[in-house]
Amino acid sequence: MLESIITINLSRYFGDVKALEDINIKVNKGEIFGLLGPNGSGKTTLIRILTTALLPTKGEAYVLGYDVKKDYLKIRKYINIVSGDEKAGYGVLTVRENLWFFSQLYGYNRSEGWRIVNELIEKFGMQEYADRKINRISHGMFQKYNFVRGLLNNPLVLFLDEPTLGLDVNISREIRNYIKEWIKEDRERTVILTTHYMVEAQELCDRIAIIYKGKIITVDTVENLLRILSKESVYEIKTNLINQVEKIKSIQGVKAIDVENDASRMISKIRVVVSEDSVISDLLSFLKNEGIKVISLSKEEVTLEDVFLYLVGRKL
């Protein structure tokens, strides 16, 4: 079997709320597969079903060929999940002791557990703080510990939910490198990644599913997603504060727009996708007629954030 995950018309309802509706995806072995969507889009519900923590209302889902409804005990042996905001472990125990504790939950004997823990500590460069209590280590160190904890049972499918949440640039880069290295070691492995950081998704993911209001909008490679806007142009305009977003949307040729207002500096930053460069002239004329001062204007490279804005109508 080439696929590690298959869903067929997968749906989950909470009363009248359709958290997921007719989700159809196939995730290949050896793939880092991204799930992108705003809060409330259905990402967490989908992951809970795939990790056997929640049953679907209807439809089917298979992980490594096993049915999530019938074979949940078999699935759990081969998966693990790491969440960026998770605080798994006991503060009175050291990093090393906590990892050994979790190794026992995964069924290793005492000596085998210590061997695997020590190997992972060395492999991921955690020797410096391995013998500190986890309530005495930094957030970045804790996230590295958390990531390693997710590898203890040598999972074939690893679910990473915002793994670099709140981390500085260097630690985030380090964890991304770990993810890439881990998947390359064994092409039977699969990573399912949710993230709010578009740069992270663009760097890591082989393919990405954009999910919004419980439905899959599109699934494709990063390269193909960027090609969606191959004929459009993206501009960034800084102005004094504006509130005419809906009027700007009505300008012919404006395909998508996002405005960030900085009230303290009395500045608006407009990110706009237009069908062609000439549309910017119409937009600038509109701003002038509205008495809005343009501080700066620049043409930008298309990013995954722009594609998301174009497809969904809002930023992540």
# chains A, B, ... in the order shown; residues from 1 in each chain; ligands from 1
>>> select_by_dssp(residues="stretch 52-283 of chain A", states="alpha helix (DSSP H)", output="PyMOL selection string")
chain A and resi 72-76+95-105+110-123+139-149+169-185+198-204+222-227+245-249+279-283
>>> residues_around(residues="A:Asp306", least_positions_apart="2", cutoff="12 Å", atoms="only C-alpha atoms", output="compact mmCIF listing (two decimals) with N, CA, C and O atoms, in the first residue's frame")
# COMPACT_ATOMS: atom_id res chain seq x y z
N MET A 198 2.97 29.98 7.54
CA MET A 198 3.01 29.63 6.13
C MET A 198 4.42 29.29 5.64
O MET A 198 4.61 28.42 4.81
N VAL A 199 5.40 30.02 6.17
CA VAL A 199 6.79 29.74 5.78
C VAL A 199 7.17 28.32 6.16
O VAL A 199 7.85 27.61 5.42
N LEU A 225 0.29 25.01 -5.86
CA LEU A 225 -0.54 26.02 -5.19
C LEU A 225 -0.07 27.43 -5.55
O LEU A 225 -0.89 28.31 -5.81
N LEU A 226 1.24 27.62 -5.60
CA LEU A 226 1.77 28.94 -5.96
C LEU A 226 1.43 29.30 -7.40
O LEU A 226 1.24 30.48 -7.74
N ARG A 227 1.32 28.28 -8.24
CA ARG A 227 0.99 28.53 -9.66
C ARG A 227 -0.44 29.01 -9.84
O ARG A 227 -0.79 29.54 -10.91
N ILE A 228 -1.28 28.82 -8.83
CA ILE A 228 -2.67 29.31 -8.92
C ILE A 228 -2.69 30.81 -9.20
O ILE A 228 -3.56 31.32 -9.91
N LEU A 229 -1.68 31.52 -8.67
CA LEU A 229 -1.60 32.97 -8.86
C LEU A 229 -0.52 33.35 -9.87
O LEU A 229 0.02 34.45 -9.82
N SER A 230 -0.21 32.44 -10.78
CA SER A 230 0.88 32.70 -11.74
C SER A 230 0.56 33.88 -12.67
O SER A 230 1.47 34.54 -13.18
N GLU A 232 -1.63 36.39 -11.73
CA GLU A 232 -2.00 37.54 -10.91
C GLU A 232 -0.75 38.24 -10.37
O GLU A 232 0.35 37.71 -10.45
N SER A 233 -0.96 39.41 -9.81
CA SER A 233 0.12 40.16 -9.17
C SER A 233 -0.29 40.47 -7.73
O SER A 233 -1.47 40.59 -7.41
N VAL A 234 0.73 40.57 -6.87
CA VAL A 234 0.51 40.86 -5.46
C VAL A 234 1.23 42.16 -5.11
O VAL A 234 2.42 42.32 -5.44
N TYR A 235 0.51 43.06 -4.46
CA TYR A 235 1.10 44.33 -4.05
C TYR A 235 0.87 44.54 -2.55
O TYR A 235 -0.12 44.06 -1.99
N GLU A 236 1.80 45.27 -1.96
CA GLU A 236 1.64 45.71 -0.57
C GLU A 236 1.65 47.23 -0.56
O GLU A 236 2.56 47.85 -1.11
N LYS A 255 -8.78 40.68 -6.73
CA LYS A 255 -9.15 39.28 -6.50
C LYS A 255 -9.19 38.91 -5.02
O LYS A 255 -9.95 38.02 -4.61
N ALA A 256 -8.37 39.55 -4.21
CA ALA A 256 -8.34 39.28 -2.77
C ALA A 256 -7.63 40.42 -2.08
O ALA A 256 -6.74 41.06 -2.66
N ILE A 257 -8.02 40.66 -0.82
CA ILE A 257 -7.40 41.76 -0.08
C ILE A 257 -7.39 41.45 1.40
O ILE A 257 -8.31 40.81 1.93
N ASP A 258 -6.32 41.87 2.05
CA ASP A 258 -6.23 41.80 3.51
C ASP A 258 -5.68 43.12 4.01
O ASP A 258 -4.74 43.67 3.41
N ARG A 271 -2.56 44.23 1.71
CA ARG A 271 -2.00 43.19 0.86
C ARG A 271 -3.09 42.83 -0.15
O ARG A 271 -4.19 42.41 0.24
N VAL A 272 -2.83 43.03 -1.42
CA VAL A 272 -3.88 42.87 -2.41
C VAL A 272 -3.41 42.02 -3.58
O VAL A 272 -2.28 42.14 -4.05
N VAL A 273 -4.29 41.10 -4.01
CA VAL A 273 -4.04 40.28 -5.19
C VAL A 273 -4.89 40.86 -6.32
O VAL A 273 -6.11 41.00 -6.18
N VAL A 274 -4.24 41.20 -7.45
CA VAL A 274 -4.95 41.81 -8.58
C VAL A 274 -4.74 40.97 -9.84
O VAL A 274 -3.75 40.26 -9.97
N GLU A 300 5.15 42.42 -4.70
CA GLU A 300 5.69 41.35 -3.87
C GLU A 300 5.68 40.01 -4.62
O GLU A 300 4.90 39.80 -5.55
N GLU A 301 6.56 39.12 -4.16
CA GLU A 301 6.53 37.74 -4.64
C GLU A 301 5.29 37.04 -4.08
O GLU A 301 4.90 37.28 -2.95
N VAL A 302 4.70 36.19 -4.89
CA VAL A 302 3.54 35.42 -4.44
C VAL A 302 3.97 34.42 -3.36
O VAL A 302 4.97 33.71 -3.52
N THR A 303 3.23 34.37 -2.26
CA THR A 303 3.52 33.43 -1.19
C THR A 303 2.31 32.52 -0.98
O THR A 303 1.22 32.75 -1.52
N LEU A 304 2.52 31.50 -0.16
CA LEU A 304 1.42 30.59 0.19
C LEU A 304 0.32 31.35 0.92
O LEU A 304 -0.87 31.02 0.78
N PHE A 308 -3.64 31.31 -0.02
CA PHE A 308 -4.68 31.04 0.98
C PHE A 308 -5.70 32.18 1.01
O PHE A 308 -6.92 31.94 1.03
N LEU A 309 -5.22 33.40 0.99
CA LEU A 309 -6.10 34.57 0.98
C LEU A 309 -7.00 34.55 -0.25
O LEU A 309 -8.20 34.82 -0.17
N TYR A 310 -6.46 34.20 -1.40
CA TYR A 310 -7.20 34.15 -2.65
C TYR A 310 -8.28 33.07 -2.62
O TYR A 310 -9.41 33.28 -3.07
N LEU A 311 -7.93 31.89 -2.08
CA LEU A 311 -8.86 30.76 -2.09
C LEU A 311 -9.93 30.86 -1.01
O LEU A 311 -11.09 30.47 -1.22
N VAL A 312 -9.54 31.38 0.16
CA VAL A 312 -10.44 31.36 1.32
C VAL A 312 -11.09 32.72 1.56
O VAL A 312 -12.18 32.80 2.14
N GLY A 313 -10.41 33.79 1.14
CA GLY A 313 -10.96 35.13 1.35
C GLY A 313 -10.52 35.78 2.63
O GLY A 313 -10.99 36.86 2.99
N ARG A 314 -9.59 35.14 3.34
CA ARG A 314 -9.04 35.70 4.58
C ARG A 314 -7.68 35.09 4.82
O ARG A 314 -7.32 34.07 4.23
N LYS A 315 -6.89 35.73 5.68
CA LYS A 315 -5.59 35.17 6.05
C LYS A 315 -5.77 34.07 7.07
O LYS A 315 -6.81 33.95 7.71
N LEU A 316 -4.72 33.26 7.21
CA LEU A 316 -4.78 32.14 8.15
C LEU A 316 -4.81 32.68 9.58
O LEU A 316 -4.05 33.57 9.92
>>> closest_residue(among="A:Tyr72, A:Tyr78, A:Phe124, A:Tyr145", to="A:Leu99", atoms="only C-alpha atoms")
A:Tyr145
>>> closest_atom_pairs(of="stretch 197-266 of chain A", to="stretch 13-30 of chain A", cutoff="9 Å", atoms="only C-alpha atoms", output="tab-separated table")
residue	atom	partner	partner_atom	distance
A:Arg207	CA	A:Val27	CA	8.8
A:Ala209	CA	A:Ile25	CA	8.4
A:Lys213	CA	A:Ala19	CA	7.1
A:Gly214	CA	A:Leu20	CA	4.0
A:Lys215	CA	A:Glu21	CA	5.7
A:Ile216	CA	A:Ile23	CA	6.4
A:Val219	CA	A:Ile25	CA	8.0
>>> residues_around(residues="A:Gly291", least_positions_apart="2", cutoff="12 Å", atoms="only C-alpha atoms", output="PyMOL selection string")
chain A and resi 239-244+284-289+293-294
>>> residues_around(residues="A:Phe142", least_positions_apart="3", cutoff="12 Å", atoms="only C-alpha atoms", output="ChimeraX atom specification")
/A:82-91,94-96,98-99,126,129-130,132-139,145-149,163-167,171,175
>>> residues_around(residues="A:Asp67", least_positions_apart="2", cutoff="12 Å", atoms="only C-alpha atoms", output="short mmCIF file (atom, residue, chain, number, x, y, z; two decimals) with N, CA and C atoms, in the first residue's frame")
data_model
loop_
_atom_site.label_atom_id
_atom_site.label_comp_id
_atom_site.auth_asym_id
_atom_site.auth_seq_id
_atom_site.Cartn_x
_atom_site.Cartn_y
_atom_site.Cartn_z
N SER A 4 -0.61 5.97 3.46
CA SER A 4 -0.66 5.73 4.90
C SER A 4 -2.01 6.14 5.47
N ILE A 5 -2.67 7.09 4.82
CA ILE A 5 -3.97 7.57 5.29
C ILE A 5 -4.92 7.74 4.10
N ILE A 6 -6.13 7.25 4.26
CA ILE A 6 -7.18 7.44 3.26
C ILE A 6 -8.46 7.81 3.99
N THR A 7 -9.13 8.84 3.52
CA THR A 7 -10.48 9.15 4.04
C THR A 7 -11.45 9.18 2.87
N ILE A 8 -12.66 8.69 3.12
CA ILE A 8 -13.69 8.62 2.09
C ILE A 8 -14.97 9.25 2.64
N ILE A 49 -9.96 12.27 14.75
CA ILE A 49 -10.51 11.05 14.14
C ILE A 49 -9.38 10.14 13.68
N LEU A 50 -8.37 10.71 13.03
CA LEU A 50 -7.28 9.89 12.49
C LEU A 50 -6.43 9.28 13.60
N THR A 51 -6.40 9.91 14.76
CA THR A 51 -5.64 9.36 15.90
C THR A 51 -6.53 8.52 16.82
N THR A 52 -7.74 8.22 16.37
CA THR A 52 -8.71 7.35 17.05
C THR A 52 -9.21 7.92 18.36
N LEU A 55 -14.78 9.36 17.00
CA LEU A 55 -15.40 8.60 15.92
C LEU A 55 -16.05 9.54 14.91
N PRO A 56 -16.01 9.19 13.62
CA PRO A 56 -16.72 10.01 12.64
C PRO A 56 -18.22 9.79 12.73
N GLY A 59 -18.93 8.19 6.91
CA GLY A 59 -17.75 8.10 6.09
C GLY A 59 -16.73 7.13 6.65
N GLU A 60 -15.59 7.05 5.98
CA GLU A 60 -14.56 6.08 6.36
C GLU A 60 -13.20 6.76 6.47
N ALA A 61 -12.36 6.19 7.32
CA ALA A 61 -10.98 6.65 7.45
C ALA A 61 -10.10 5.46 7.78
N TYR A 62 -8.97 5.39 7.08
CA TYR A 62 -8.04 4.27 7.26
C TYR A 62 -6.64 4.83 7.52
N VAL A 63 -5.99 4.29 8.52
CA VAL A 63 -4.60 4.64 8.84
C VAL A 63 -3.78 3.38 8.73
N LEU A 64 -2.82 3.38 7.81
CA LEU A 64 -1.99 2.19 7.54
C LEU A 64 -2.85 0.97 7.19
N GLY A 65 -3.98 1.24 6.55
CA GLY A 65 -4.88 0.17 6.14
C GLY A 65 -5.89 -0.25 7.18
N LYS A 69 -12.59 3.03 12.98
CA LYS A 69 -13.74 2.65 13.80
C LYS A 69 -13.59 1.27 14.41
N LYS A 70 -12.90 0.37 13.70
CA LYS A 70 -12.82 -1.02 14.15
C LYS A 70 -11.44 -1.40 14.69
N ASP A 71 -10.40 -0.79 14.14
CA ASP A 71 -9.03 -1.24 14.42
C ASP A 71 -8.23 -0.21 15.21
N TYR A 72 -8.91 0.54 16.09
CA TYR A 72 -8.23 1.64 16.78
C TYR A 72 -7.06 1.19 17.64
N LEU A 73 -7.14 0.00 18.24
CA LEU A 73 -6.03 -0.48 19.07
C LEU A 73 -4.80 -0.78 18.22
N LYS A 74 -5.00 -1.31 17.03
CA LYS A 74 -3.88 -1.58 16.13
C LYS A 74 -3.26 -0.28 15.65
N ILE A 75 -4.10 0.69 15.32
CA ILE A 75 -3.60 1.98 14.83
C ILE A 75 -2.73 2.66 15.87
N ARG A 76 -3.16 2.61 17.13
CA ARG A 76 -2.45 3.35 18.19
C ARG A 76 -1.02 2.88 18.40
#
>>> select_by_dssp(residues="stretch 154-316 of chain A", states="strand (DSSP E)", output="number ranges by chain")
A: 157-161, 190-194, 207-212, 215-221, 233-240, 254-262, 267-274, 294-300
>>> closest_residue(among="A:Lys58, A:Leu120, A:Arg115, A:Gly140", to="A:Val169", atoms="only C-alpha atoms")
A:Gly140
>>> residues_around(residues="A:Leu36", least_positions_apart="3", cutoff="7 Å", atoms="only C-alpha atoms", output="number ranges by chain")
A: 194-195, 209-211
>>> residues_around(residues="A:Glu260", least_positions_apart="3", cutoff="8 Å", atoms="only C-alpha atoms", output="tab-separated table (two decimals) with C-alpha atoms, in the first residue's frame")
chain	number	residue	atom	x	y	z
A	268	SER	CA	-2.89	50.45	7.39
A	269	LYS	CA	-0.99	47.74	5.53
A	270	ILE	CA	-2.91	46.49	2.50
>>> decode(residues="stretch 234-275 of chain A", atoms="N, CA and C atoms", output="PDB file, in the first residue's frame")
ATOM      1  N   VAL A 234       0.732  40.569  -6.871  1.00  0.00           N
ATOM      2  CA  VAL A 234       0.505  40.862  -5.460  1.00  0.00           C
ATOM      3  C   VAL A 234       1.231  42.156  -5.105  1.00  0.00           C
ATOM      4  N   TYR A 235       0.513  43.062  -4.464  1.00  0.00           N
ATOM      5  CA  TYR A 235       1.096  44.333  -4.047  1.00  0.00           C
ATOM      6  C   TYR A 235       0.874  44.540  -2.550  1.00  0.00           C
ATOM      7  N   GLU A 236       1.800  45.272  -1.959  1.00  0.00           N
ATOM      8  CA  GLU A 236       1.644  45.709  -0.575  1.00  0.00           C
ATOM      9  C   GLU A 236       1.646  47.230  -0.562  1.00  0.00           C
ATOM     10  N   ILE A 237       0.620  47.795   0.039  1.00  0.00           N
ATOM     11  CA  ILE A 237       0.477  49.246   0.082  1.00  0.00           C
ATOM     12  C   ILE A 237       0.315  49.672   1.535  1.00  0.00           C
ATOM     13  N   LYS A 238       1.100  50.673   1.938  1.00  0.00           N
ATOM     14  CA  LYS A 238       0.935  51.256   3.267  1.00  0.00           C
ATOM     15  C   LYS A 238       0.274  52.619   3.118  1.00  0.00           C
ATOM     16  N   THR A 239      -0.767  52.835   3.925  1.00  0.00           N
ATOM     17  CA  THR A 239      -1.517  54.087   3.864  1.00  0.00           C
ATOM     18  C   THR A 239      -1.820  54.560   5.289  1.00  0.00           C
ATOM     19  N   ASN A 240      -2.404  55.760   5.396  1.00  0.00           N
ATOM     20  CA  ASN A 240      -2.986  56.082   6.692  1.00  0.00           C
ATOM     21  C   ASN A 240      -4.235  55.217   6.876  1.00  0.00           C
ATOM     22  N   LEU A 241      -4.783  55.195   8.080  1.00  0.00           N
ATOM     23  CA  LEU A 241      -5.839  54.243   8.418  1.00  0.00           C
ATOM     24  C   LEU A 241      -7.016  54.311   7.445  1.00  0.00           C
ATOM     25  N   ILE A 242      -7.486  53.119   7.032  1.00  0.00           N
ATOM     26  CA  ILE A 242      -8.625  53.063   6.118  1.00  0.00           C
ATOM     27  C   ILE A 242      -9.717  52.167   6.701  1.00  0.00           C
ATOM     28  N   ASN A 243     -10.928  52.374   6.219  1.00  0.00           N
ATOM     29  CA  ASN A 243     -12.035  51.493   6.581  1.00  0.00           C
ATOM     30  C   ASN A 243     -12.911  51.194   5.348  1.00  0.00           C
ATOM     31  N   GLN A 244     -12.310  51.326   4.165  1.00  0.00           N
ATOM     32  CA  GLN A 244     -13.054  51.152   2.913  1.00  0.00           C
ATOM     33  C   GLN A 244     -12.759  49.809   2.245  1.00  0.00           C
ATOM     34  N   VAL A 245     -12.565  48.774   3.051  1.00  0.00           N
ATOM     35  CA  VAL A 245     -12.168  47.476   2.501  1.00  0.00           C
ATOM     36  C   VAL A 245     -13.204  46.943   1.520  1.00  0.00           C
ATOM     37  N   GLU A 246     -14.467  47.019   1.870  1.00  0.00           N
ATOM     38  CA  GLU A 246     -15.510  46.484   0.994  1.00  0.00           C
ATOM     39  C   GLU A 246     -15.558  47.227  -0.335  1.00  0.00           C
ATOM     40  N   LYS A 247     -15.327  48.528  -0.309  1.00  0.00           N
ATOM     41  CA  LYS A 247     -15.298  49.295  -1.557  1.00  0.00           C
ATOM     42  C   LYS A 247     -14.115  48.881  -2.430  1.00  0.00           C
ATOM     43  N   ILE A 248     -12.972  48.612  -1.781  1.00  0.00           N
ATOM     44  CA  ILE A 248     -11.795  48.181  -2.547  1.00  0.00           C
ATOM     45  C   ILE A 248     -12.057  46.820  -3.193  1.00  0.00           C
ATOM     46  N   LYS A 249     -12.721  45.942  -2.460  1.00  0.00           N
ATOM     47  CA  LYS A 249     -13.048  44.625  -3.012  1.00  0.00           C
ATOM     48  C   LYS A 249     -13.891  44.725  -4.277  1.00  0.00           C
ATOM     49  N   SER A 250     -14.692  45.792  -4.380  1.00  0.00           N
ATOM     50  CA  SER A 250     -15.594  45.938  -5.526  1.00  0.00           C
ATOM     51  C   SER A 250     -14.893  46.476  -6.773  1.00  0.00           C
ATOM     52  N   ILE A 251     -13.634  46.913  -6.628  1.00  0.00           N
ATOM     53  CA  ILE A 251     -12.895  47.404  -7.792  1.00  0.00           C
ATOM     54  C   ILE A 251     -12.620  46.236  -8.734  1.00  0.00           C
ATOM     55  N   GLN A 252     -12.946  46.419  -9.998  1.00  0.00           N
ATOM     56  CA  GLN A 252     -12.759  45.348 -10.966  1.00  0.00           C
ATOM     57  C   GLN A 252     -11.285  44.957 -11.057  1.00  0.00           C
ATOM     58  N   GLY A 253     -11.028  43.650 -10.925  1.00  0.00           N
ATOM     59  CA  GLY A 253      -9.659  43.153 -11.008  1.00  0.00           C
ATOM     60  C   GLY A 253      -9.024  42.876  -9.657  1.00  0.00           C
ATOM     61  N   VAL A 254      -9.667  43.341  -8.577  1.00  0.00           N
ATOM     62  CA  VAL A 254      -9.180  43.015  -7.228  1.00  0.00           C
ATOM     63  C   VAL A 254      -9.690  41.622  -6.868  1.00  0.00           C
ATOM     64  N   LYS A 255      -8.781  40.676  -6.729  1.00  0.00           N
ATOM     65  CA  LYS A 255      -9.148  39.280  -6.497  1.00  0.00           C
ATOM     66  C   LYS A 255      -9.195  38.910  -5.021  1.00  0.00           C
ATOM     67  N   ALA A 256      -8.373  39.553  -4.209  1.00  0.00           N
ATOM     68  CA  ALA A 256      -8.345  39.276  -2.773  1.00  0.00           C
ATOM     69  C   ALA A 256      -7.631  40.425  -2.076  1.00  0.00           C
ATOM     70  N   ILE A 257      -8.020  40.661  -0.820  1.00  0.00           N
ATOM     71  CA  ILE A 257      -7.403  41.761  -0.081  1.00  0.00           C
ATOM     72  C   ILE A 257      -7.387  41.445   1.402  1.00  0.00           C
ATOM     73  N   ASP A 258      -6.321  41.875   2.050  1.00  0.00           N
ATOM     74  CA  ASP A 258      -6.231  41.795   3.508  1.00  0.00           C
ATOM     75  C   ASP A 258      -5.677  43.119   4.010  1.00  0.00           C
ATOM     76  N   VAL A 259      -6.273  43.624   5.079  1.00  0.00           N
ATOM     77  CA  VAL A 259      -5.831  44.895   5.645  1.00  0.00           C
ATOM     78  C   VAL A 259      -5.485  44.697   7.110  1.00  0.00           C
ATOM     79  N   GLU A 260      -4.277  45.106   7.488  1.00  0.00           N
ATOM     80  CA  GLU A 260      -3.867  45.115   8.887  1.00  0.00           C
ATOM     81  C   GLU A 260      -3.763  46.566   9.334  1.00  0.00           C
ATOM     82  N   ASN A 261      -4.525  46.911  10.358  1.00  0.00           N
ATOM     83  CA  ASN A 261      -4.512  48.282  10.872  1.00  0.00           C
ATOM     84  C   ASN A 261      -3.649  48.379  12.117  1.00  0.00           C
ATOM     85  N   ASP A 262      -2.773  49.362  12.129  1.00  0.00           N
ATOM     86  CA  ASP A 262      -1.954  49.665  13.302  1.00  0.00           C
ATOM     87  C   ASP A 262      -2.444  50.996  13.863  1.00  0.00           C
ATOM     88  N   ALA A 263      -3.375  50.909  14.802  1.00  0.00           N
ATOM     89  CA  ALA A 263      -4.013  52.117  15.326  1.00  0.00           C
ATOM     90  C   ALA A 263      -3.018  53.024  16.047  1.00  0.00           C
ATOM     91  N   SER A 264      -2.004  52.423  16.676  1.00  0.00           N
ATOM     92  CA  SER A 264      -1.039  53.225  17.432  1.00  0.00           C
ATOM     93  C   SER A 264      -0.201  54.114  16.506  1.00  0.00           C
ATOM     94  N   ARG A 265       0.057  53.626  15.293  1.00  0.00           N
ATOM     95  CA  ARG A 265       0.849  54.399  14.320  1.00  0.00           C
ATOM     96  C   ARG A 265      -0.022  55.048  13.250  1.00  0.00           C
ATOM     97  N   MET A 266      -1.344  54.779  13.344  1.00  0.00           N
ATOM     98  CA  MET A 266      -2.301  55.331  12.378  1.00  0.00           C
ATOM     99  C   MET A 266      -1.953  54.921  10.944  1.00  0.00           C
ATOM    100  N   ILE A 267      -1.573  53.639  10.792  1.00  0.00           N
ATOM    101  CA  ILE A 267      -1.162  53.122   9.480  1.00  0.00           C
ATOM    102  C   ILE A 267      -1.941  51.859   9.157  1.00  0.00           C
ATOM    103  N   SER A 268      -2.302  51.688   7.893  1.00  0.00           N
ATOM    104  CA  SER A 268      -2.887  50.454   7.395  1.00  0.00           C
ATOM    105  C   SER A 268      -1.924  49.801   6.398  1.00  0.00           C
ATOM    106  N   LYS A 269      -1.786  48.479   6.502  1.00  0.00           N
ATOM    107  CA  LYS A 269      -0.986  47.742   5.528  1.00  0.00           C
ATOM    108  C   LYS A 269      -1.941  46.892   4.694  1.00  0.00           C
ATOM    109  N   ILE A 270      -1.993  47.176   3.411  1.00  0.00           N
ATOM    110  CA  ILE A 270      -2.910  46.495   2.499  1.00  0.00           C
ATOM    111  C   ILE A 270      -2.120  45.481   1.675  1.00  0.00           C
ATOM    112  N   ARG A 271      -2.561  44.235   1.713  1.00  0.00           N
ATOM    113  CA  ARG A 271      -1.999  43.186   0.856  1.00  0.00           C
ATOM    114  C   ARG A 271      -3.090  42.831  -0.147  1.00  0.00           C
ATOM    115  N   VAL A 272      -2.831  43.025  -1.423  1.00  0.00           N
ATOM    116  CA  VAL A 272      -3.883  42.871  -2.411  1.00  0.00           C
ATOM    117  C   VAL A 272      -3.411  42.019  -3.583  1.00  0.00           C
ATOM    118  N   VAL A 273      -4.287  41.103  -4.013  1.00  0.00           N
ATOM    119  CA  VAL A 273      -4.044  40.282  -5.194  1.00  0.00           C
ATOM    120  C   VAL A 273      -4.892  40.856  -6.324  1.00  0.00           C
ATOM    121  N   VAL A 274      -4.236  41.196  -7.448  1.00  0.00           N
ATOM    122  CA  VAL A 274      -4.951  41.807  -8.576  1.00  0.00           C
ATOM    123  C   VAL A 274      -4.741  40.972  -9.835  1.00  0.00           C
ATOM    124  N   SER A 275      -5.705  41.072 -10.750  1.00  0.00           N
ATOM    125  CA  SER A 275      -5.662  40.260 -11.967  1.00  0.00           C
ATOM    126  C   SER A 275      -4.538  40.675 -12.896  1.00  0.00           C
TER     127      SER A 275
END
